[in-house]
Each structure stands twice: as structure tokens, then as C-alpha cells.
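Trainee: Structure file coords32.cif (mmCIF, N, CA and C atoms) is given on the next line.
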data_final
#
loop_
_atom_site.label_atom_id
_atom_site.label_comp_id
_atom_site.auth_asym_id
_atom_site.auth_seq_id
_atom_site.Cartn_x
_atom_site.Cartn_y
_atom_site.Cartn_z
N MET A 49 -64.43 -0.94 178.82
CA MET A 49 -64.07 -2.19 179.44
C MET A 49 -64.41 -2.18 180.94
N ALA A 50 -64.25 -1.04 181.56
CA ALA A 50 -64.54 -0.94 182.99
C ALA A 50 -66.03 -1.15 183.26
N SER A 51 -66.90 -0.63 182.39
CA SER A 51 -68.34 -0.83 182.60
C SER A 51 -68.72 -2.30 182.42
N PHE A 52 -68.05 -3.01 181.52
CA PHE A 52 -68.29 -4.44 181.32
C PHE A 52 -67.92 -5.22 182.57
N LEU A 53 -66.78 -4.90 183.18
CA LEU A 53 -66.36 -5.57 184.41
C LEU A 53 -67.30 -5.26 185.57
N ARG A 54 -67.81 -4.02 185.64
CA ARG A 54 -68.76 -3.67 186.69
C ARG A 54 -70.06 -4.47 186.53
N ARG A 55 -70.46 -4.66 185.29
CA ARG A 55 -71.68 -5.42 185.05
C ARG A 55 -71.50 -6.89 185.45
N LEU A 56 -70.35 -7.47 185.21
CA LEU A 56 -70.09 -8.86 185.60
C LEU A 56 -70.06 -9.01 187.11
N ARG A 57 -69.52 -8.03 187.81
CA ARG A 57 -69.48 -8.10 189.27
C ARG A 57 -70.89 -8.11 189.86
N GLY A 58 -71.85 -7.52 189.19
CA GLY A 58 -73.22 -7.47 189.70
C GLY A 58 -73.93 -8.81 189.63
N ASP A 59 -73.39 -9.79 188.89
CA ASP A 59 -74.03 -11.10 188.75
C ASP A 59 -73.46 -12.14 189.70
N HIS A 60 -72.59 -11.74 190.61
CA HIS A 60 -72.02 -12.71 191.54
C HIS A 60 -73.12 -13.31 192.39
N GLY A 61 -73.15 -14.64 192.49
CA GLY A 61 -74.15 -15.33 193.30
C GLY A 61 -75.44 -15.62 192.57
N ALA A 62 -75.57 -15.21 191.34
CA ALA A 62 -76.81 -15.46 190.60
C ALA A 62 -77.03 -16.95 190.37
N VAL A 63 -75.98 -17.69 190.10
CA VAL A 63 -76.10 -19.14 189.87
C VAL A 63 -76.53 -19.83 191.15
N SER A 64 -75.99 -19.42 192.28
CA SER A 64 -76.38 -20.02 193.55
C SER A 64 -77.86 -19.78 193.83
N THR A 65 -78.32 -18.59 193.57
CA THR A 65 -79.74 -18.28 193.78
C THR A 65 -80.61 -19.11 192.86
N GLN A 66 -80.21 -19.25 191.62
CA GLN A 66 -81.00 -20.04 190.68
C GLN A 66 -81.03 -21.51 191.11
N LEU A 67 -79.90 -22.04 191.58
CA LEU A 67 -79.87 -23.42 192.04
C LEU A 67 -80.76 -23.62 193.26
N VAL A 68 -80.76 -22.66 194.16
CA VAL A 68 -81.60 -22.76 195.35
C VAL A 68 -83.07 -22.79 194.97
N LEU A 69 -83.45 -22.14 193.91
CA LEU A 69 -84.85 -22.11 193.48
C LEU A 69 -85.21 -23.29 192.57
N VAL A 70 -84.33 -23.69 191.70
CA VAL A 70 -84.65 -24.69 190.68
C VAL A 70 -84.50 -26.12 191.19
N VAL A 71 -83.46 -26.43 191.94
CA VAL A 71 -83.20 -27.81 192.36
C VAL A 71 -84.33 -28.36 193.23
N PRO A 72 -84.86 -27.65 194.22
CA PRO A 72 -86.00 -28.21 194.97
C PRO A 72 -87.22 -28.47 194.08
N ALA A 73 -87.46 -27.60 193.12
CA ALA A 73 -88.60 -27.82 192.22
C ALA A 73 -88.38 -29.07 191.37
N LEU A 74 -87.17 -29.29 190.90
CA LEU A 74 -86.87 -30.49 190.12
C LEU A 74 -86.97 -31.75 190.98
N LEU A 75 -86.51 -31.68 192.22
CA LEU A 75 -86.62 -32.82 193.12
C LEU A 75 -88.08 -33.15 193.42
N LEU A 76 -88.88 -32.13 193.64
CA LEU A 76 -90.31 -32.35 193.87
C LEU A 76 -90.97 -32.98 192.65
N LEU A 77 -90.63 -32.53 191.48
CA LEU A 77 -91.17 -33.11 190.25
C LEU A 77 -90.77 -34.58 190.13
N ALA A 78 -89.52 -34.91 190.43
CA ALA A 78 -89.08 -36.30 190.37
C ALA A 78 -89.83 -37.16 191.39
N LEU A 79 -90.03 -36.64 192.60
CA LEU A 79 -90.77 -37.39 193.62
C LEU A 79 -92.22 -37.59 193.21
N LEU A 80 -92.83 -36.59 192.59
CA LEU A 80 -94.21 -36.74 192.12
C LEU A 80 -94.32 -37.80 191.03
N ILE A 81 -93.33 -37.86 190.15
CA ILE A 81 -93.34 -38.88 189.11
C ILE A 81 -93.26 -40.28 189.74
N VAL A 82 -92.38 -40.45 190.72
CA VAL A 82 -92.27 -41.73 191.42
C VAL A 82 -93.57 -42.05 192.16
N GLN A 83 -94.17 -41.04 192.79
CA GLN A 83 -95.41 -41.26 193.54
C GLN A 83 -96.53 -41.75 192.63
N PHE A 84 -96.70 -41.13 191.49
CA PHE A 84 -97.78 -41.54 190.60
C PHE A 84 -97.48 -42.86 189.91
N ALA A 85 -96.21 -43.22 189.75
CA ALA A 85 -95.87 -44.56 189.26
C ALA A 85 -96.25 -45.61 190.30
N LEU A 86 -96.06 -45.28 191.58
CA LEU A 86 -96.48 -46.20 192.64
C LEU A 86 -97.99 -46.34 192.70
N VAL A 87 -98.72 -45.26 192.44
CA VAL A 87 -100.18 -45.34 192.40
C VAL A 87 -100.61 -46.26 191.28
N TRP A 88 -100.01 -46.13 190.13
CA TRP A 88 -100.33 -46.98 188.98
C TRP A 88 -100.07 -48.44 189.33
N HIS A 89 -98.92 -48.71 189.96
CA HIS A 89 -98.57 -50.07 190.35
C HIS A 89 -99.55 -50.61 191.41
N ALA A 90 -99.90 -49.78 192.36
CA ALA A 90 -100.82 -50.21 193.43
C ALA A 90 -102.20 -50.52 192.86
N ARG A 91 -102.65 -49.76 191.86
CA ARG A 91 -103.93 -50.05 191.23
C ARG A 91 -103.91 -51.42 190.55
N HIS A 92 -102.80 -51.77 189.93
CA HIS A 92 -102.70 -53.08 189.31
C HIS A 92 -102.68 -54.19 190.35
N ILE A 93 -102.02 -53.96 191.47
CA ILE A 93 -102.01 -54.95 192.54
C ILE A 93 -103.41 -55.15 193.09
N ALA A 94 -104.14 -54.06 193.32
CA ALA A 94 -105.51 -54.16 193.84
C ALA A 94 -106.42 -54.87 192.85
N GLN A 95 -106.26 -54.59 191.56
CA GLN A 95 -107.08 -55.24 190.55
C GLN A 95 -106.78 -56.74 190.48
N TYR A 96 -105.51 -57.10 190.55
CA TYR A 96 -105.12 -58.51 190.54
C TYR A 96 -105.71 -59.25 191.75
N ALA A 97 -105.60 -58.64 192.92
CA ALA A 97 -106.14 -59.27 194.13
C ALA A 97 -107.65 -59.42 194.03
N ALA A 98 -108.33 -58.43 193.46
CA ALA A 98 -109.78 -58.51 193.30
C ALA A 98 -110.16 -59.63 192.32
N GLN A 99 -109.42 -59.79 191.24
CA GLN A 99 -109.72 -60.84 190.28
C GLN A 99 -109.48 -62.22 190.88
N ARG A 100 -108.40 -62.37 191.65
CA ARG A 100 -108.14 -63.66 192.30
C ARG A 100 -109.22 -63.97 193.33
N ALA A 101 -109.63 -62.96 194.08
CA ALA A 101 -110.68 -63.16 195.08
C ALA A 101 -112.00 -63.51 194.41
N LEU A 102 -112.29 -62.90 193.28
CA LEU A 102 -113.52 -63.22 192.54
C LEU A 102 -113.51 -64.68 192.12
N ALA A 103 -112.40 -65.14 191.60
CA ALA A 103 -112.31 -66.53 191.16
C ALA A 103 -112.56 -67.49 192.33
N ALA A 104 -112.09 -67.12 193.51
CA ALA A 104 -112.28 -67.99 194.67
C ALA A 104 -113.70 -67.89 195.23
N ALA A 105 -114.29 -66.71 195.21
CA ALA A 105 -115.59 -66.50 195.85
C ALA A 105 -116.78 -66.89 194.97
N ARG A 106 -116.60 -66.93 193.67
CA ARG A 106 -117.75 -67.20 192.80
C ARG A 106 -117.96 -68.68 192.52
N ALA A 107 -117.06 -69.54 192.98
CA ALA A 107 -117.23 -70.98 192.79
C ALA A 107 -118.50 -71.44 193.48
N GLU A 108 -119.03 -72.55 193.03
CA GLU A 108 -120.37 -72.97 193.48
C GLU A 108 -120.50 -73.11 194.99
N ASN A 109 -119.60 -73.77 195.63
CA ASN A 109 -119.72 -73.99 197.07
C ASN A 109 -118.83 -73.06 197.89
N ALA A 110 -118.38 -71.99 197.30
CA ALA A 110 -117.49 -71.05 198.00
C ALA A 110 -118.29 -70.07 198.85
N THR A 111 -117.58 -69.33 199.69
CA THR A 111 -118.20 -68.31 200.54
C THR A 111 -117.45 -67.00 200.36
N THR A 112 -117.99 -65.95 200.97
CA THR A 112 -117.30 -64.67 200.92
C THR A 112 -115.96 -64.73 201.66
N ALA A 113 -115.89 -65.57 202.68
CA ALA A 113 -114.64 -65.73 203.43
C ALA A 113 -113.54 -66.32 202.54
N ASP A 114 -113.92 -67.20 201.61
CA ASP A 114 -112.93 -67.76 200.67
C ASP A 114 -112.35 -66.65 199.80
N GLY A 115 -113.20 -65.76 199.33
CA GLY A 115 -112.73 -64.66 198.51
C GLY A 115 -111.84 -63.70 199.28
N GLN A 116 -112.22 -63.40 200.52
CA GLN A 116 -111.40 -62.51 201.33
C GLN A 116 -110.05 -63.12 201.65
N ALA A 117 -110.03 -64.41 201.93
CA ALA A 117 -108.76 -65.08 202.22
C ALA A 117 -107.85 -65.07 201.00
N GLN A 118 -108.42 -65.30 199.82
CA GLN A 118 -107.61 -65.30 198.60
C GLN A 118 -107.08 -63.90 198.31
N ALA A 119 -107.90 -62.88 198.52
CA ALA A 119 -107.44 -61.51 198.29
C ALA A 119 -106.32 -61.15 199.26
N ARG A 120 -106.45 -61.49 200.51
CA ARG A 120 -105.41 -61.18 201.49
C ARG A 120 -104.12 -61.93 201.17
N SER A 121 -104.26 -63.16 200.70
CA SER A 121 -103.08 -63.93 200.31
C SER A 121 -102.37 -63.28 199.11
N SER A 122 -103.13 -62.85 198.13
CA SER A 122 -102.55 -62.19 196.96
C SER A 122 -101.90 -60.87 197.34
N LEU A 123 -102.55 -60.10 198.21
CA LEU A 123 -101.98 -58.83 198.64
C LEU A 123 -100.70 -59.03 199.44
N ALA A 124 -100.67 -60.06 200.27
CA ALA A 124 -99.46 -60.32 201.05
C ALA A 124 -98.30 -60.72 200.14
N ALA A 125 -98.62 -61.44 199.07
CA ALA A 125 -97.56 -61.89 198.16
C ALA A 125 -97.03 -60.76 197.28
N LEU A 126 -97.90 -59.82 196.93
CA LEU A 126 -97.52 -58.80 195.96
C LEU A 126 -97.37 -57.39 196.51
N GLY A 127 -98.31 -56.95 197.31
CA GLY A 127 -98.37 -55.53 197.57
C GLY A 127 -98.36 -55.08 199.00
N SER A 128 -97.73 -55.82 199.88
CA SER A 128 -97.79 -55.43 201.28
C SER A 128 -97.02 -54.14 201.56
N ARG A 129 -96.07 -53.78 200.70
CA ARG A 129 -95.32 -52.55 200.93
C ARG A 129 -95.84 -51.40 200.09
N VAL A 130 -96.43 -51.69 198.96
CA VAL A 130 -96.92 -50.63 198.07
C VAL A 130 -98.33 -50.22 198.43
N LEU A 131 -99.19 -51.19 198.69
CA LEU A 131 -100.59 -50.93 199.02
C LEU A 131 -100.79 -51.23 200.50
N THR A 132 -100.78 -50.18 201.31
CA THR A 132 -100.88 -50.35 202.76
C THR A 132 -102.32 -50.23 203.21
N ALA A 133 -102.62 -50.77 204.36
CA ALA A 133 -103.95 -50.75 204.96
C ALA A 133 -105.03 -51.20 203.98
N PRO A 134 -104.87 -52.39 203.38
CA PRO A 134 -105.87 -52.83 202.41
C PRO A 134 -107.16 -53.27 203.09
N SER A 135 -108.25 -53.05 202.39
CA SER A 135 -109.54 -53.57 202.84
C SER A 135 -110.17 -54.31 201.67
N VAL A 136 -110.80 -55.43 201.99
CA VAL A 136 -111.41 -56.29 200.99
C VAL A 136 -112.88 -56.46 201.32
N SER A 137 -113.74 -56.20 200.35
CA SER A 137 -115.17 -56.45 200.55
C SER A 137 -115.65 -57.38 199.45
N VAL A 138 -116.36 -58.42 199.85
CA VAL A 138 -116.89 -59.41 198.92
C VAL A 138 -118.40 -59.45 199.09
N ASP A 139 -119.11 -59.27 198.00
CA ASP A 139 -120.58 -59.35 198.00
C ASP A 139 -120.96 -60.50 197.09
N ARG A 140 -121.55 -61.55 197.69
CA ARG A 140 -121.90 -62.74 196.92
C ARG A 140 -123.39 -63.00 197.04
N THR A 141 -124.06 -63.00 195.91
CA THR A 141 -125.47 -63.37 195.85
C THR A 141 -125.59 -64.62 194.99
N THR A 142 -126.79 -65.11 194.83
CA THR A 142 -126.96 -66.31 194.01
C THR A 142 -126.71 -66.03 192.53
N ALA A 143 -126.81 -64.78 192.13
CA ALA A 143 -126.62 -64.45 190.72
C ALA A 143 -125.28 -63.80 190.42
N ARG A 144 -124.73 -63.01 191.33
CA ARG A 144 -123.54 -62.22 191.02
C ARG A 144 -122.62 -62.12 192.23
N THR A 145 -121.33 -62.11 191.95
CA THR A 145 -120.32 -61.93 192.99
C THR A 145 -119.47 -60.72 192.62
N THR A 146 -119.26 -59.83 193.59
CA THR A 146 -118.47 -58.62 193.37
C THR A 146 -117.43 -58.49 194.48
N VAL A 147 -116.21 -58.16 194.08
CA VAL A 147 -115.11 -57.99 195.03
C VAL A 147 -114.51 -56.61 194.82
N ARG A 148 -114.24 -55.92 195.92
CA ARG A 148 -113.58 -54.61 195.85
C ARG A 148 -112.42 -54.61 196.83
N VAL A 149 -111.26 -54.20 196.33
CA VAL A 149 -110.04 -54.10 197.14
C VAL A 149 -109.62 -52.63 197.15
N ASP A 150 -109.48 -52.05 198.34
CA ASP A 150 -109.06 -50.66 198.51
C ASP A 150 -107.82 -50.62 199.39
N GLY A 151 -107.03 -49.57 199.21
CA GLY A 151 -105.87 -49.39 200.06
C GLY A 151 -105.24 -48.03 199.87
N VAL A 152 -104.29 -47.73 200.71
CA VAL A 152 -103.56 -46.47 200.67
C VAL A 152 -102.19 -46.74 200.06
N VAL A 153 -101.80 -45.90 199.13
CA VAL A 153 -100.50 -46.06 198.47
C VAL A 153 -99.41 -45.50 199.38
N ILE A 154 -98.30 -46.22 199.45
CA ILE A 154 -97.19 -45.77 200.28
C ILE A 154 -96.77 -44.36 199.85
N PRO A 155 -96.64 -43.43 200.79
CA PRO A 155 -96.30 -42.06 200.41
C PRO A 155 -94.81 -41.87 200.15
N VAL A 156 -94.52 -41.17 199.08
CA VAL A 156 -93.15 -40.76 198.76
C VAL A 156 -93.02 -39.26 199.02
N VAL A 157 -94.04 -38.52 198.63
CA VAL A 157 -94.10 -37.08 198.86
C VAL A 157 -94.79 -36.87 200.21
N PRO A 158 -94.13 -36.26 201.18
CA PRO A 158 -94.75 -36.06 202.49
C PRO A 158 -96.05 -35.27 202.41
N GLY A 159 -97.06 -35.78 203.12
CA GLY A 159 -98.34 -35.09 203.17
C GLY A 159 -99.28 -35.44 202.03
N LEU A 160 -98.86 -36.25 201.08
CA LEU A 160 -99.70 -36.61 199.94
C LEU A 160 -100.21 -38.03 200.17
N THR A 161 -101.50 -38.17 200.43
CA THR A 161 -102.11 -39.47 200.65
C THR A 161 -102.99 -39.82 199.46
N LEU A 162 -102.64 -40.89 198.77
CA LEU A 162 -103.39 -41.32 197.60
C LEU A 162 -103.93 -42.73 197.84
N HIS A 163 -105.06 -43.03 197.24
CA HIS A 163 -105.72 -44.32 197.40
C HIS A 163 -105.74 -45.05 196.07
N ALA A 164 -105.77 -46.37 196.14
CA ALA A 164 -105.88 -47.21 194.95
C ALA A 164 -106.94 -48.27 195.23
N SER A 165 -107.66 -48.66 194.19
CA SER A 165 -108.68 -49.69 194.36
C SER A 165 -108.80 -50.52 193.10
N GLY A 166 -109.36 -51.69 193.27
CA GLY A 166 -109.63 -52.59 192.16
C GLY A 166 -110.95 -53.28 192.41
N THR A 167 -111.71 -53.50 191.35
CA THR A 167 -113.02 -54.13 191.46
C THR A 167 -113.13 -55.22 190.40
N ALA A 168 -113.69 -56.34 190.81
CA ALA A 168 -113.96 -57.43 189.87
C ALA A 168 -115.36 -57.96 190.16
N SER A 169 -116.08 -58.28 189.11
CA SER A 169 -117.45 -58.76 189.26
C SER A 169 -117.73 -59.82 188.21
N GLY A 170 -118.54 -60.79 188.58
CA GLY A 170 -118.90 -61.84 187.63
C GLY A 170 -120.06 -62.66 188.16
N PRO A 171 -120.62 -63.49 187.30
CA PRO A 171 -121.75 -64.32 187.75
C PRO A 171 -121.29 -65.39 188.72
N THR A 172 -122.12 -65.67 189.70
CA THR A 172 -121.85 -66.74 190.65
C THR A 172 -122.07 -68.06 189.95
N GLU A 173 -121.12 -68.96 190.09
CA GLU A 173 -121.22 -70.24 189.39
C GLU A 173 -122.25 -71.14 190.05
N LYS A 174 -122.96 -71.88 189.21
CA LYS A 174 -123.88 -72.90 189.70
C LYS A 174 -123.97 -73.98 188.63
N VAL A 175 -124.04 -75.21 189.09
CA VAL A 175 -124.11 -76.34 188.17
C VAL A 175 -125.56 -76.54 187.77
N THR A 176 -125.78 -76.64 186.46
CA THR A 176 -127.13 -76.89 185.95
C THR A 176 -127.04 -77.97 184.88
N PHE A 177 -128.18 -78.57 184.57
CA PHE A 177 -128.27 -79.54 183.49
C PHE A 177 -128.68 -78.81 182.21
N PRO A 178 -128.47 -79.44 181.07
CA PRO A 178 -128.85 -78.79 179.82
C PRO A 178 -130.32 -78.37 179.77
N ASP A 179 -131.21 -79.05 180.48
CA ASP A 179 -132.62 -78.65 180.46
C ASP A 179 -132.92 -77.52 181.43
N GLY A 180 -131.90 -77.04 182.16
CA GLY A 180 -132.07 -75.91 183.07
C GLY A 180 -132.29 -76.32 184.50
N GLY A 181 -132.42 -77.60 184.77
CA GLY A 181 -132.64 -78.07 186.13
C GLY A 181 -131.35 -78.11 186.92
N ARG A 182 -131.49 -78.27 188.22
CA ARG A 182 -130.33 -78.37 189.10
C ARG A 182 -130.17 -79.82 189.53
N PRO A 183 -128.94 -80.23 189.83
CA PRO A 183 -128.72 -81.62 190.26
C PRO A 183 -129.34 -81.92 191.61
#
Translate this file's structure into C-alpha cells.

Mentor:
Amino acid sequence: MASFLRRLRGDHGAVSTQLVLVVPALLLLALLIVQFALVWHARHIAQYAAQRALAAARAENATTADGQAQARSSLAALGSRVLTAPSVSVDRTTARTTVRVDGVVIPVVPGLTLHASGTASGPTEKVTFPDGGRP
């Protein structure tokens, strides 16, 4: 019985040591899960803003400025806190319009900088007659 009691005395503080090692690892894991959920959400915000900007920029008499204004409006409404420092680029030609929205995801884990982007592309609209002519 005495050897059993001696063995128990040798484990004093083992739980404290385990908690000191395990709890920070679990907290880091939880923060990483939240961080990557924010990345997923920010990607959807960027994609939505790109699609809205495409719809505005590809109209027949629209300009690239119309697309950029629509993207900035969508970002302000949805993602000003999740997607920080957004940049919008609109490329409009007579045949195709492409919009790209990039930004930095708000950091939850210190020192971890992640980016999110969304791209939308489609044909530039133009009015034509059934015979292929223009008005």
C-alpha cells in the first residue's frame, strides 16, 4: 500500500501540465476554424460583388466606372468588415467584360494574412437586329 501511495504522489501537477499544453492547442484550432470560415464567407462576398459589377458593366451603354461603382456599393453593403482593403478591376471590351474583386480577410489568428477573390465574366451586351445588323 505504501508503494501505491508513493506512486500517486509522483503524479501531482500532471493535470496542470497537461492543461497548459493542451488548452492553447485547442484554442488555436478553434481560431483556425473561425478564420477559415471567414475566408469562405469573404470569397462569397467577393464573388457576389463581382457578379453585381459584371451586370452593371456589361450593359450596352455602361462603362467600367459603372461596374466599379456597383462593386464598391455591394462590398460596402455586405463585406466592409470581413473583406478589408478591397480592390476592383473591370476589363470591358466590345466582346467580353470581366470583373475581379480582391481583398484581405479580417485576421482572427495573429500573423495570418489570407486573401479572397471573386471573378465574373460574360459577353458585353449589344443590341442587334435579327439579320445581324446594328440599329

Trainee: How far is it from atom C of A:Tyr96 to atom C of A:Thr172, in Å with one decimal?

Mentor: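 Between atom C of A:Tyr96 and atom C of A:Thr172 the gap is 18.7 Å.
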
Trainee: What lies within 8 Å of A:Ala113 using all atoms listed in the file, ignoring chain neighbours under 6 positions off, as JSON, numbers by chain?

Mentor: {"A": [104, 105, 119, 138]}

Trainee: Which residues would end up in the selection if the PyMOL selection byres ((chain A and resi 95) around 7) were applied here, given that I need the answer as a PDB file with N, CA and C atoms, in the coordinates of the input?

Mentor:
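The resulting file, result-v1.pdb, is shown below:
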ATOM      1  N   ALA A  90     -99.900 -49.780 192.360  1.00  0.00           N
ATOM      2  CA  ALA A  90    -100.820 -50.210 193.430  1.00  0.00           C
ATOM      3  C   ALA A  90    -102.200 -50.520 192.860  1.00  0.00           C
ATOM      4  N   ARG A  91    -102.650 -49.760 191.860  1.00  0.00           N
ATOM      5  CA  ARG A  91    -103.930 -50.050 191.230  1.00  0.00           C
ATOM      6  C   ARG A  91    -103.910 -51.420 190.550  1.00  0.00           C
ATOM      7  N   HIS A  92    -102.800 -51.770 189.930  1.00  0.00           N
ATOM      8  CA  HIS A  92    -102.700 -53.080 189.310  1.00  0.00           C
ATOM      9  C   HIS A  92    -102.680 -54.190 190.350  1.00  0.00           C
ATOM     10  N   ILE A  93    -102.020 -53.960 191.470  1.00  0.00           N
ATOM     11  CA  ILE A  93    -102.010 -54.950 192.540  1.00  0.00           C
ATOM     12  C   ILE A  93    -103.410 -55.150 193.090  1.00  0.00           C
ATOM     13  N   ALA A  94    -104.140 -54.060 193.320  1.00  0.00           N
ATOM     14  CA  ALA A  94    -105.510 -54.160 193.840  1.00  0.00           C
ATOM     15  C   ALA A  94    -106.420 -54.870 192.850  1.00  0.00           C
ATOM     16  N   TYR A  96    -105.510 -57.100 190.550  1.00  0.00           N
ATOM     17  CA  TYR A  96    -105.120 -58.510 190.540  1.00  0.00           C
ATOM     18  C   TYR A  96    -105.710 -59.250 191.750  1.00  0.00           C
ATOM     19  N   ALA A  97    -105.600 -58.640 192.920  1.00  0.00           N
ATOM     20  CA  ALA A  97    -106.140 -59.270 194.130  1.00  0.00           C
ATOM     21  C   ALA A  97    -107.650 -59.420 194.030  1.00  0.00           C
ATOM     22  N   ALA A  98    -108.330 -58.430 193.460  1.00  0.00           N
ATOM     23  CA  ALA A  98    -109.780 -58.510 193.300  1.00  0.00           C
ATOM     24  C   ALA A  98    -110.160 -59.630 192.320  1.00  0.00           C
ATOM     25  N   GLN A  99    -109.420 -59.790 191.240  1.00  0.00           N
ATOM     26  CA  GLN A  99    -109.720 -60.840 190.280  1.00  0.00           C
ATOM     27  C   GLN A  99    -109.480 -62.220 190.880  1.00  0.00           C
ATOM     28  N   ARG A 100    -108.400 -62.370 191.650  1.00  0.00           N
ATOM     29  CA  ARG A 100    -108.140 -63.660 192.300  1.00  0.00           C
ATOM     30  C   ARG A 100    -109.220 -63.970 193.330  1.00  0.00           C
ATOM     31  N   VAL A 149    -111.260 -54.200 196.330  1.00  0.00           N
ATOM     32  CA  VAL A 149    -110.040 -54.100 197.140  1.00  0.00           C
ATOM     33  C   VAL A 149    -109.620 -52.630 197.150  1.00  0.00           C
ATOM     34  N   SER A 165    -107.660 -48.660 194.190  1.00  0.00           N
ATOM     35  CA  SER A 165    -108.680 -49.690 194.360  1.00  0.00           C
ATOM     36  C   SER A 165    -108.800 -50.520 193.100  1.00  0.00           C
ATOM     37  N   GLY A 166    -109.360 -51.690 193.270  1.00  0.00           N
ATOM     38  CA  GLY A 166    -109.630 -52.590 192.160  1.00  0.00           C
ATOM     39  C   GLY A 166    -110.950 -53.280 192.410  1.00  0.00           C
ATOM     40  N   THR A 167    -111.710 -53.500 191.350  1.00  0.00           N
ATOM     41  CA  THR A 167    -113.020 -54.130 191.460  1.00  0.00           C
ATOM     42  C   THR A 167    -113.130 -55.220 190.400  1.00  0.00           C
ATOM     43  N   ALA A 168    -113.690 -56.340 190.810  1.00  0.00           N
ATOM     44  CA  ALA A 168    -113.960 -57.430 189.870  1.00  0.00           C
ATOM     45  C   ALA A 168    -115.360 -57.960 190.160  1.00  0.00           C
TER      46      ALA A 168
END

Trainee: Would you compute the distance between atom CA of A:Thr112 and atom CA of A:Leu126? Give it in Å to one decimal.

Mentor: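 Separation of atom CA of A:Thr112 and atom CA of A:Leu126: 21.2 Å.
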
Trainee: Could you please determine the separation between atom N of A:Leu76 and atom CA of A:Asp150 in Å, to one decimal place?

Mentor: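 Atom-to-atom, atom N of A:Leu76 to atom CA of A:Asp150, that is 27.8 Å.
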
Trainee: Residues near stretch 131-136 of chain A, anyone? I mean within 7 Å using only C-alpha atoms, not counting same-chain ones fewer than 3 positions away, as number ranges by chain.

Mentor: A: 90, 116, 127-128, 148-154

Trainee: Run DSSP on the backbone and tell me which residues of stretch 84-156 of chain A come out as strand (DSSP E); list them as a VMD selection string.

Mentor: chain A and resid 131 to 140 144 to 153

Trainee: Tell me which residues the PyMOL selection byres (((chain A and resi 174 and name CA) around 6) and name CA) grabs here, as a PyMOL selection string.

Mentor: chain A and resi 108+173+175
